[in-house]
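Everything below belongs to my_file-v1.cif, which stores mmCIF, C-alpha atoms.
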data_data
#
loop_
_atom_site.label_atom_id
_atom_site.label_comp_id
_atom_site.auth_asym_id
_atom_site.auth_seq_id
_atom_site.Cartn_x
_atom_site.Cartn_y
_atom_site.Cartn_z
CA MET A 1 -15.55 -66.48 58.58
CA LYS A 2 -17.45 -69.37 57.11
CA ILE A 3 -15.54 -72.22 55.59
CA THR A 4 -18.29 -74.56 54.51
CA GLY A 5 -18.30 -74.80 50.74
CA LYS A 6 -14.66 -73.69 50.57
CA PRO A 7 -12.83 -76.97 50.09
CA GLU A 8 -9.40 -75.44 49.52
CA LEU A 9 -9.53 -73.39 52.69
CA GLN A 10 -10.87 -76.40 54.60
CA GLU A 11 -7.97 -78.49 53.35
CA ARG A 12 -5.38 -75.88 54.22
CA LEU A 13 -6.68 -75.35 57.75
CA ALA A 14 -7.06 -79.11 58.31
CA ALA A 15 -3.44 -79.61 57.26
CA GLU A 16 -2.14 -76.82 59.50
CA TYR A 17 -4.27 -78.12 62.35
CA ALA A 18 -2.72 -81.58 62.04
CA LEU A 19 0.78 -80.18 61.64
CA GLY A 20 0.29 -77.91 64.62
CA THR A 21 0.95 -74.54 63.04
CA LEU A 22 -2.69 -73.54 63.46
CA ARG A 23 -2.55 -71.92 66.88
CA GLY A 24 -4.37 -69.93 69.48
CA ALA A 25 -7.83 -68.58 68.76
CA ALA A 26 -7.72 -69.93 65.22
CA ARG A 27 -7.14 -73.43 66.57
CA ARG A 28 -10.04 -73.11 69.05
CA ARG A 29 -12.33 -71.86 66.31
CA PHE A 30 -11.27 -74.68 64.03
CA GLU A 31 -12.06 -77.22 66.78
CA ARG A 32 -15.55 -75.76 67.12
CA TRP A 33 -16.08 -76.18 63.38
CA LEU A 34 -14.77 -79.74 63.61
CA ARG A 35 -17.59 -80.69 65.91
CA GLU A 36 -20.21 -79.33 63.54
CA ASP A 37 -18.83 -80.15 60.13
CA ALA A 38 -18.36 -83.79 59.22
CA SER A 39 -16.45 -83.11 56.00
CA LEU A 40 -14.02 -80.87 57.87
CA ALA A 41 -13.58 -83.54 60.55
CA LEU A 42 -12.84 -86.08 57.85
CA ALA A 43 -10.29 -83.77 56.21
CA ALA A 44 -8.57 -83.21 59.57
CA SER A 45 -8.51 -86.88 60.40
CA ARG A 46 -7.02 -87.67 56.97
CA TRP A 47 -4.28 -85.14 57.61
CA GLN A 48 -3.60 -86.57 61.03
CA SER A 49 -3.28 -90.00 59.47
CA ARG A 50 -0.91 -88.63 56.84
CA LEU A 51 1.37 -86.87 59.32
CA ALA A 52 1.14 -89.05 62.44
CA PRO A 53 3.56 -91.69 61.10
CA LEU A 54 6.23 -88.99 61.50
CA ALA A 55 5.90 -89.61 65.22
CA GLU A 56 7.23 -93.12 64.61
CA ALA A 57 10.62 -91.55 64.27
CA VAL A 58 10.63 -89.98 67.72
CA ALA A 59 12.99 -91.77 70.08
CA PRO A 60 10.95 -93.52 72.79
CA VAL A 61 11.61 -92.31 76.32
CA ALA A 62 10.43 -94.38 79.28
CA PRO A 63 8.30 -92.16 81.52
CA PRO A 64 8.96 -92.37 85.27
CA ALA A 65 6.81 -94.88 87.15
CA ARG A 66 5.02 -92.08 89.02
CA VAL A 67 3.14 -91.16 85.84
CA TRP A 68 1.32 -94.47 85.66
CA ARG A 69 0.68 -94.44 89.41
CA ALA A 70 -0.98 -91.04 89.08
CA ILE A 71 -3.12 -92.24 86.17
CA ARG A 72 -4.18 -95.33 88.09
CA ASP A 73 -5.06 -93.28 91.17
CA ARG A 74 -7.14 -90.86 89.16
CA LEU A 75 -8.98 -93.74 87.49
CA GLY A 76 -9.79 -95.18 90.86
CA ALA A 77 -11.10 -91.84 92.04
CA SER A 78 -13.36 -91.11 89.11
CA GLY A 79 -14.27 -94.55 87.84
CA THR A 80 -15.93 -96.02 90.89
CA ALA A 81 -17.13 -94.88 94.27
CA LYS A 82 -20.08 -92.58 94.64
CA ARG A 83 -20.01 -90.78 91.33
CA GLY A 84 -20.80 -93.99 89.53
CA ILE A 85 -21.43 -94.60 85.91
CA TRP A 86 -24.35 -92.18 85.75
CA ASP A 87 -21.95 -89.27 85.85
CA ASN A 88 -19.66 -90.77 83.30
CA VAL A 89 -20.03 -88.82 80.07
CA ALA A 90 -18.26 -91.50 78.07
CA PHE A 91 -20.76 -94.05 79.30
CA TRP A 92 -23.68 -91.97 78.13
CA ARG A 93 -22.03 -91.21 74.86
CA ALA A 94 -21.36 -94.89 74.28
CA LEU A 95 -24.97 -95.65 74.99
CA GLY A 96 -26.11 -92.94 72.61
CA LEU A 97 -23.86 -94.17 69.85
CA ALA A 98 -24.93 -97.75 70.25
CA ALA A 99 -28.57 -96.82 70.40
CA SER A 100 -28.65 -94.46 67.43
CA GLY A 101 -26.47 -96.74 65.35
CA THR A 102 -28.82 -99.64 65.71
CA ALA A 103 -31.98 -97.62 65.38
CA GLY A 104 -31.23 -97.18 61.70
CA ALA A 105 -31.22 -100.88 61.02
CA LEU A 106 -34.63 -101.92 62.11
CA LEU A 107 -35.11 -105.19 60.29
CA ALA A 108 -32.60 -106.84 62.55
CA ALA A 109 -31.93 -105.50 66.01
CA THR A 110 -28.23 -105.84 66.59
CA VAL A 111 -26.98 -105.02 70.01
CA LEU A 112 -23.50 -103.72 70.48
CA LEU A 113 -22.84 -101.49 73.43
CA ALA A 114 -19.11 -101.22 72.94
CA PRO A 115 -17.52 -100.05 69.70
CA GLN A 116 -16.76 -102.72 67.21
CA ASP A 117 -14.21 -105.11 68.51
CA PRO A 118 -11.68 -106.19 65.90
CA GLN A 119 -11.03 -109.40 67.79
CA PRO A 120 -13.30 -112.31 67.09
CA ALA A 121 -16.20 -110.95 69.09
CA PRO A 122 -19.27 -112.93 69.97
CA PRO A 123 -21.58 -112.77 66.97
CA PRO A 124 -24.09 -109.93 67.20
CA ILE A 125 -27.42 -110.90 68.61
CA VAL A 126 -29.93 -110.80 65.83
CA LEU A 127 -33.66 -111.03 66.26
CA ARG A 128 -35.13 -112.18 63.00
CA SER A 129 -38.74 -112.66 62.33
CA PRO A 130 -41.02 -112.08 59.38
CA SER A 131 -42.36 -108.63 60.10
CA GLY A 132 -45.98 -109.85 60.12
CA GLU A 133 -45.39 -111.99 63.16
CA ILE A 134 -44.10 -109.31 65.49
CA PRO A 135 -46.61 -106.56 66.10
CA ALA A 136 -45.45 -102.96 66.02
CA SER A 137 -43.57 -102.70 69.27
CA TYR A 138 -40.63 -101.46 71.29
CA LEU A 139 -37.83 -103.91 71.89
CA ALA A 140 -34.83 -103.78 74.17
CA LEU A 141 -32.22 -106.42 74.70
CA LEU A 142 -30.08 -105.81 77.74
CA SER A 143 -26.71 -107.40 78.06
CA ASP A 144 -23.78 -107.56 80.38
CA PRO A 145 -21.22 -105.08 79.00
CA LYS A 146 -18.36 -107.25 80.23
CA THR A 147 -19.39 -110.53 78.66
CA GLN A 148 -21.78 -109.08 76.05
CA LYS A 149 -24.11 -111.87 77.07
CA PRO A 150 -27.80 -110.96 76.68
CA VAL A 151 -29.68 -111.24 79.95
CA LEU A 152 -33.07 -109.54 79.56
CA LEU A 153 -35.48 -109.13 76.69
CA VAL A 154 -37.98 -106.30 77.17
CA SER A 155 -40.85 -105.49 74.84
CA ALA A 156 -44.09 -103.54 74.67
CA GLY A 157 -46.71 -103.07 71.99
CA ARG A 158 -46.74 -99.49 70.75
CA GLN A 159 -50.27 -98.82 71.99
CA SER A 160 -49.94 -100.92 75.12
CA ASP A 161 -48.92 -100.02 78.65
CA GLN A 162 -47.79 -103.57 79.36
CA LEU A 163 -44.04 -104.05 79.42
CA TRP A 164 -43.04 -107.67 78.95
CA VAL A 165 -39.81 -108.68 80.61
CA LYS A 166 -38.24 -112.00 79.87
CA THR A 167 -35.21 -113.05 81.92
CA LEU A 168 -32.79 -114.92 79.68
CA ASP A 169 -30.33 -115.68 82.45
CA PRO A 170 -31.83 -116.49 85.87
CA ALA A 171 -28.35 -116.24 87.41
CA ILE A 172 -28.54 -112.44 87.29
CA HIS A 173 -30.49 -112.26 90.55
CA VAL A 174 -28.59 -111.49 93.74
CA ALA A 175 -29.87 -112.76 97.09
CA GLY A 176 -31.16 -110.00 99.34
CA LYS A 177 -31.07 -107.39 96.55
CA SER A 178 -33.41 -106.23 93.84
CA LEU A 179 -32.74 -105.51 90.19
CA GLU A 180 -34.42 -102.36 88.99
CA LEU A 181 -35.17 -101.61 85.37
CA TRP A 182 -34.69 -98.02 84.19
CA ALA A 183 -35.62 -96.07 81.09
CA LEU A 184 -32.73 -93.78 80.07
CA PRO A 185 -34.45 -90.92 78.28
CA LYS A 186 -32.63 -88.84 75.69
CA ASP A 187 -32.92 -85.88 78.04
CA GLY A 188 -33.30 -86.04 81.76
CA ALA A 189 -32.79 -88.50 84.55
CA PRO A 190 -33.38 -92.26 84.44
CA LYS A 191 -37.00 -93.26 85.12
CA SER A 192 -37.81 -96.42 87.00
CA LEU A 193 -39.87 -98.99 85.10
CA GLY A 194 -40.11 -101.35 88.07
CA LEU A 195 -38.29 -104.32 89.52
CA VAL A 196 -37.11 -107.29 87.49
CA SER A 197 -39.15 -110.26 88.65
CA ALA A 198 -37.48 -113.49 89.71
CA ALA A 199 -39.90 -115.28 87.39
CA GLU A 200 -38.71 -116.02 83.88
CA LYS A 201 -41.51 -113.95 82.36
CA ALA A 202 -43.23 -110.99 83.95
CA VAL A 203 -45.25 -107.95 82.98
CA LEU A 204 -44.65 -104.45 84.32
CA LYS A 205 -47.09 -101.61 83.93
CA LEU A 206 -45.90 -98.50 82.08
CA ALA A 207 -47.04 -95.05 83.19
CA ALA A 208 -48.57 -94.56 79.73
CA ALA A 209 -48.75 -96.44 76.43
CA ALA A 210 -45.34 -97.34 75.06
CA ASP A 211 -45.67 -94.77 72.28
CA GLN A 212 -45.65 -92.08 74.98
CA SER A 213 -43.40 -93.60 77.60
CA LEU A 214 -40.70 -95.18 75.41
CA ALA A 215 -40.60 -93.05 72.24
CA GLN A 216 -37.87 -90.76 73.62
CA VAL A 217 -35.95 -93.54 75.36
CA PRO A 218 -32.95 -94.76 73.38
CA ALA A 219 -31.76 -97.21 76.02
CA LEU A 220 -32.70 -99.21 79.09
CA ALA A 221 -30.52 -100.21 82.03
CA VAL A 222 -30.69 -102.40 85.12
CA SER A 223 -29.13 -101.37 88.42
CA LEU A 224 -28.54 -103.34 91.59
CA GLU A 225 -30.65 -101.89 94.42
CA PRO A 226 -31.57 -102.68 98.02
CA ARG A 227 -34.42 -105.16 98.35
CA GLY A 228 -37.62 -103.47 97.21
CA GLY A 229 -35.88 -101.07 94.84
CA SER A 230 -34.13 -97.74 94.96
CA PRO A 231 -35.17 -95.77 98.03
CA THR A 232 -34.53 -92.46 96.26
CA GLY A 233 -36.26 -92.87 92.92
CA ALA A 234 -32.90 -92.66 91.15
CA PRO A 235 -30.43 -95.49 90.63
CA THR A 236 -28.24 -95.90 93.71
CA GLY A 237 -26.33 -99.09 92.93
CA PRO A 238 -24.04 -100.13 90.09
CA VAL A 239 -25.43 -100.46 86.59
CA LEU A 240 -25.23 -104.11 85.66
CA PHE A 241 -26.88 -104.34 82.27
CA THR A 242 -27.72 -101.98 79.46
CA GLY A 243 -29.08 -102.14 75.97
CA PRO A 244 -30.63 -99.98 73.26
CA CYS A 245 -34.40 -99.64 73.12
CA ILE A 246 -35.65 -99.68 69.56
CA LYS A 247 -38.99 -99.07 67.95
CA TYR A 248 -39.75 -102.08 65.80
CA TRP A 249 -41.96 -100.98 62.91
CA MET B 250 6.99 -106.81 67.88
CA ALA B 251 6.04 -106.42 64.25
CA ASP B 252 4.12 -103.23 63.47
CA ASP B 253 0.97 -105.05 62.39
CA ALA B 254 0.87 -107.25 65.47
CA LEU B 255 1.35 -104.20 67.69
CA LYS B 256 -1.40 -102.34 65.86
CA ALA B 257 -3.83 -105.26 66.26
CA GLN B 258 -2.96 -105.54 69.93
CA LEU B 259 -3.43 -101.82 70.58
CA THR B 260 -6.78 -101.90 68.76
CA THR B 261 -7.96 -104.78 70.94
CA LEU B 262 -6.77 -103.00 74.08
CA LEU B 263 -8.60 -99.79 73.15
CA ALA B 264 -11.80 -101.78 72.63
CA ALA B 265 -11.30 -103.33 76.07
CA CYS B 266 -10.76 -99.86 77.55
CA ALA B 267 -14.09 -98.88 76.03
CA ARG B 268 -15.58 -101.68 78.13
CA ARG B 269 -13.95 -100.11 81.20
CA ASP B 270 -11.25 -102.74 81.56
CA GLN B 271 -8.52 -101.07 83.63
CA ALA B 272 -6.05 -103.90 83.08
CA ALA B 273 -6.29 -103.20 79.36
CA LEU B 274 -5.36 -99.56 79.98
CA ALA B 275 -2.34 -100.66 81.98
CA ARG B 276 -1.14 -102.83 79.11
CA LEU B 277 -1.92 -100.11 76.55
CA TYR B 278 0.16 -97.72 78.62
CA GLU B 279 3.06 -100.16 78.80
CA LEU B 280 3.09 -100.56 75.04
CA SER B 281 2.54 -96.97 73.97
CA ALA B 282 3.69 -94.60 76.73
CA PRO B 283 7.43 -94.47 75.87
CA LYS B 284 6.65 -93.38 72.31
CA LEU B 285 4.04 -90.84 73.39
CA PHE B 286 6.28 -89.53 76.19
CA GLY B 287 9.01 -89.02 73.57
CA VAL B 288 6.57 -87.06 71.39
CA ALA B 289 5.42 -84.87 74.29
CA LEU B 290 8.93 -84.25 75.58
CA ARG B 291 10.06 -82.93 72.21
CA ILE B 292 7.21 -80.44 72.05
CA VAL B 293 6.86 -79.16 75.64
CA ARG B 294 10.60 -79.54 76.34
CA ARG B 295 10.35 -80.09 80.08
CA GLU B 296 10.08 -83.48 81.75
CA ASP B 297 7.64 -82.45 84.45
CA TRP B 298 5.35 -80.86 81.86
CA ALA B 299 5.58 -83.88 79.58
CA GLU B 300 4.64 -86.07 82.56
CA ASP B 301 1.55 -83.96 83.22
CA VAL B 302 0.60 -84.08 79.54
CA LEU B 303 1.01 -87.85 79.43
CA GLN B 304 -1.09 -88.34 82.54
CA GLU B 305 -3.91 -86.19 81.18
CA CYS B 306 -3.76 -87.85 77.80
CA TYR B 307 -4.11 -91.39 79.11
CA LEU B 308 -7.16 -90.29 81.09
CA LYS B 309 -8.52 -88.80 77.86
CA ILE B 310 -7.73 -92.00 76.00
CA TRP B 311 -9.57 -93.95 78.71
CA ASN B 312 -12.58 -91.65 78.64
CA HIS B 313 -12.81 -91.44 74.88
CA ALA B 314 -11.96 -95.05 74.06
CA PRO B 315 -15.61 -95.77 73.24
CA GLU B 316 -15.39 -93.21 70.47
CA TYR B 317 -12.29 -94.66 68.85
CA ARG B 318 -13.09 -96.04 65.40
CA ALA B 319 -10.52 -98.45 64.04
CA GLY B 320 -11.62 -97.69 60.48
CA LEU B 321 -10.66 -94.01 60.73
CA ALA B 322 -7.18 -94.10 62.20
CA SER B 323 -4.67 -96.57 63.62
CA PRO B 324 -4.49 -96.62 67.42
CA MET B 325 -1.07 -94.94 67.45
CA THR B 326 -2.29 -92.23 65.06
CA TRP B 327 -5.30 -91.60 67.26
CA MET B 328 -3.30 -91.50 70.49
CA THR B 329 -0.49 -89.43 68.94
CA SER B 330 -3.05 -86.86 67.80
CA ILE B 331 -4.47 -86.64 71.32
CA VAL B 332 -1.00 -86.10 72.77
CA ARG B 333 0.10 -83.57 70.14
CA ASN B 334 -3.14 -81.64 70.58
CA ARG B 335 -2.65 -81.48 74.31
CA CYS B 336 0.96 -80.39 73.88
CA LEU B 337 -0.05 -77.62 71.49
CA ASP B 338 -2.61 -76.44 74.04
CA TRP B 339 0.11 -76.57 76.66
CA LEU B 340 2.31 -74.23 74.64
CA ARG B 341 -0.38 -71.58 74.98
CA ARG B 342 -0.17 -71.50 78.76
CA PRO B 343 0.72 -68.04 80.01
CA ASN B 344 3.70 -69.35 81.98
CA PHE B 345 5.15 -71.07 78.97
CA GLU B 346 8.04 -69.06 77.69
CA VAL B 347 10.76 -70.23 75.42
CA ALA B 348 12.83 -67.14 74.97
CA ASP B 349 15.40 -68.84 72.86
CA VAL B 350 13.81 -71.12 70.33
CA ASP B 351 17.16 -72.00 68.79
CA ALA B 352 18.56 -73.26 72.07
CA ALA B 353 15.38 -75.14 72.81
CA VAL B 354 15.47 -76.93 69.47
CA ALA B 355 19.15 -77.68 69.86
CA ASN B 356 18.54 -79.06 73.36
CA ALA B 357 15.74 -81.25 72.11
CA THR B 358 18.07 -82.79 69.57
CA PRO B 359 21.28 -83.68 71.36
CA SER B 360 24.20 -84.23 69.07
CA THR B 361 24.44 -87.91 70.01
CA ASP B 362 20.91 -88.37 68.72
CA GLU B 363 20.83 -89.28 65.07
CA GLY B 364 17.60 -87.28 64.81
CA PRO B 365 14.12 -88.22 63.76
CA LEU B 366 14.68 -88.17 60.01
CA ALA B 367 17.34 -90.84 60.12
CA ARG B 368 15.11 -92.98 62.32
CA LEU B 369 12.14 -92.32 60.07
CA GLU B 370 13.84 -94.21 57.28
CA ARG B 371 13.71 -97.36 59.34
CA ALA B 372 10.14 -97.14 60.62
CA SER B 373 8.03 -99.24 58.30
CA GLU B 374 4.75 -97.41 58.96
CA ALA B 375 6.52 -94.19 58.05
CA ALA B 376 8.21 -95.36 54.87
CA GLY B 377 5.71 -93.47 52.66
CA ILE B 378 6.09 -90.14 54.37
CA ALA B 379 9.87 -90.50 54.65
CA ASP B 380 10.08 -90.86 50.86
CA CYS B 381 7.72 -87.99 50.26
CA LEU B 382 9.61 -85.70 52.64
CA LYS B 383 12.71 -86.29 50.56
CA GLY B 384 10.86 -84.92 47.55
CA LEU B 385 10.32 -81.52 49.21
CA GLU B 386 12.63 -78.56 48.85
CA ALA B 387 15.05 -78.46 51.77
CA LYS B 388 13.47 -75.32 53.28
CA GLN B 389 9.96 -76.76 53.07
CA ARG B 390 11.09 -80.00 54.65
CA GLN B 391 12.91 -78.25 57.46
CA ALA B 392 9.92 -76.05 58.27
CA ILE B 393 7.49 -78.97 58.36
CA VAL B 394 9.79 -81.16 60.42
CA LEU B 395 10.39 -78.41 62.99
CA ALA B 396 6.67 -77.67 63.21
CA PHE B 397 5.76 -81.32 63.69
CA TYR B 398 8.47 -82.52 66.04
CA ASP B 399 9.24 -79.39 68.00
CA GLY B 400 5.84 -77.77 67.89
CA LEU B 401 7.13 -74.52 66.44
CA SER B 402 4.51 -71.99 65.38
CA HIS B 403 4.82 -69.96 62.18
CA SER B 404 6.43 -67.07 64.02
CA GLU B 405 8.84 -69.32 65.91
CA LEU B 406 9.77 -70.94 62.61
CA ALA B 407 10.43 -67.52 61.12
CA ARG B 408 12.66 -66.55 64.01
CA HIS B 409 14.51 -69.86 64.04
CA LEU B 410 15.05 -69.94 60.28
CA ARG B 411 15.70 -66.17 60.10
CA GLU B 412 13.23 -65.65 57.31
CA PRO B 413 10.21 -63.38 56.98
CA LEU B 414 6.98 -64.77 58.41
CA GLY B 415 5.22 -64.76 55.03
CA THR B 416 8.02 -66.74 53.42
CA VAL B 417 7.91 -69.40 56.12
CA LYS B 418 4.14 -69.67 55.88
CA THR B 419 4.44 -70.23 52.15
CA TRP B 420 7.04 -72.98 52.64
CA VAL B 421 4.77 -74.75 55.06
CA ARG B 422 1.69 -74.41 52.86
CA ARG B 423 3.42 -75.54 49.67
CA GLY B 424 5.28 -78.30 51.46
CA LEU B 425 2.04 -79.69 52.84
CA LEU B 426 0.36 -79.61 49.42
CA LYS B 427 3.29 -81.42 47.88
CA LEU B 428 3.33 -83.98 50.67
CA ARG B 429 -0.35 -84.66 50.17
CA SER B 430 -0.07 -85.27 46.47
CA CYS B 431 2.99 -87.47 46.96
CA LEU B 432 1.37 -89.51 49.76
CA ASP B 433 -1.96 -89.88 48.01
CA ASN B 434 -0.29 -90.97 44.77
CA SER B 435 1.91 -93.53 46.44
CA ARG B 436 -1.04 -95.45 47.88
#

Give the structure from this file in structure tokens form.
Amino acid sequence: MKITGKPELQERLAAEYALGTLRGAARRRFERWLREDASLALAASRWQSRLAPLAEAVAPVAPPARVWRAIRDRLGASGTAKRGIWDNVAFWRALGLAASGTAGALLAATVLLAPQDPQPAPPPIVLRSPSGEIPASYLALLSDPKTQKPVLLVSAGRQSDQLWVKTLDPAIHVAGKSLELWALPKDGAPKSLGLVSAAEKAVLKLAAAADQSLAQVPALAVSLEPRGGSPTGAPTGPVLFTGPCIKYW
Amino acid sequence: MADDALKAQLTTLLAACARRDQAALARLYELSAPKLFGVALRIVRREDWAEDVLQECYLKIWNHAPEYRAGLASPMTWMTSIVRNRCLDWLRRPNFEVADVDAAVANATPSTDEGPLARLERASEAAGIADCLKGLEAKQRQAIVLAFYDGLSHSELARHLREPLGTVKTWVRRGLLKLRSCLDNSR
């Protein structure tokens, strides 16, 4: 059964989905459609917003303390340790969202890794320049996800294999360790771009011109590695900084 | 805490969860878990199951916090939907059997409890829907309320209300349409 182009049926199913009377296989099927059909997703979310206030009337019941303890333990088990952020789907999805969201607005590169924060957030970082003065290039601004402070500015001319890395905050370096810069391709594993130099400005060499090596790379990241860089060719330490990589012009 | 202040606080906490701030999740849990546990308990009707649901849902909330969009739904709406969805999935488990829907519904609403509808009148965020529910025919209202709070399916509604399945489905469908037009007009 197809429901695109059938607004009344869409509405009815969205309402029954939100109410909960859509069950079993029909519910599963509806959830599949939700992922593919933005207008259906909007209808369902409107219905959830209409009906959810009913839950206000449910008498609150304090859950036993063991529930929170179990949640906390499971966070500890999956959030840190060896799995790391590279296996964290939400992390990748957040990166993807941030990267694709900004890619649309090319005149100003705004960097926001986390979803919009309703609290007075630090103002978005905006790179403004008359377009004639910046050559066609790739730009990435990496920031600390905790403080949202920008720490590295990375750029490369589209036809060039020189990757310019400017360190905005020299305090990022850790004694006895190296910071390694990674390309996070749309598909596939992170690719090393080299080590972040202790100098304020440095140039790394790309494997090919930026138009080949960065075109399919929506984001860059920096991980903390043993001195000399990752011994395995994949990130082994924590990811410290990330940021979208955008084609400018 | 006033509703608006709570909403702003929950929104801020969800944004902090998106930045992997575990302390924010702890505070979010403190503020929202009793309400969500109440919702889950009504639908799955067993404390140990409701505890499992709650635990899974807060992990979901943590994992999906980066996808929360404040413009689309309030934090409580978003979290309530996650919990209700999980509960409805739970009801499909093969070992879930409620032979006697009537008793289950009666147990979920002890006689000392004034019941959700009375409480609804006092919840400011729910004022709109409380008014609109009053405008429904009694049968429509009863069917929708039982489906929402107790997670009854169409066939369970039919059994509980002792009416043919088709009749109950029609009540639900018409009731929802009427609710929508009432809610959308009152904005």

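The space between atom CA of Ala265 of chain B and atom CA of Cys245 of chain A spans 23.6 Å.
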
Please enumerate the residues selected by the PyMOL selection byres ((chain A) within 8 of (chain B)) when evaluated against the supplied file, formatted as a VMD selection string. chain A and resid 12 15 18 to 24 45 48 to 63 67 to 68 70 to 71 75 90 94 114 to 119 145 to 146

Taking the file as I've supplied it (selection: the PyMOL selection byres ((chain A and resi 225) around 12)), which residues are included? Please answer as a ChimeraX atom specification. /A:173-182,192,194-196,222-224,226-240

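Each of B:Lys256, B:Arg411, B:Arg295, B:Lys427 was compared to Leu280 of chain B using only C-alpha atoms, and B:Lys256 turns out to be the nearest.
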
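A straight line drawn from atom CA of Leu193 of chain A to atom CA of Asp144 of chain A is 18.8 Å long.
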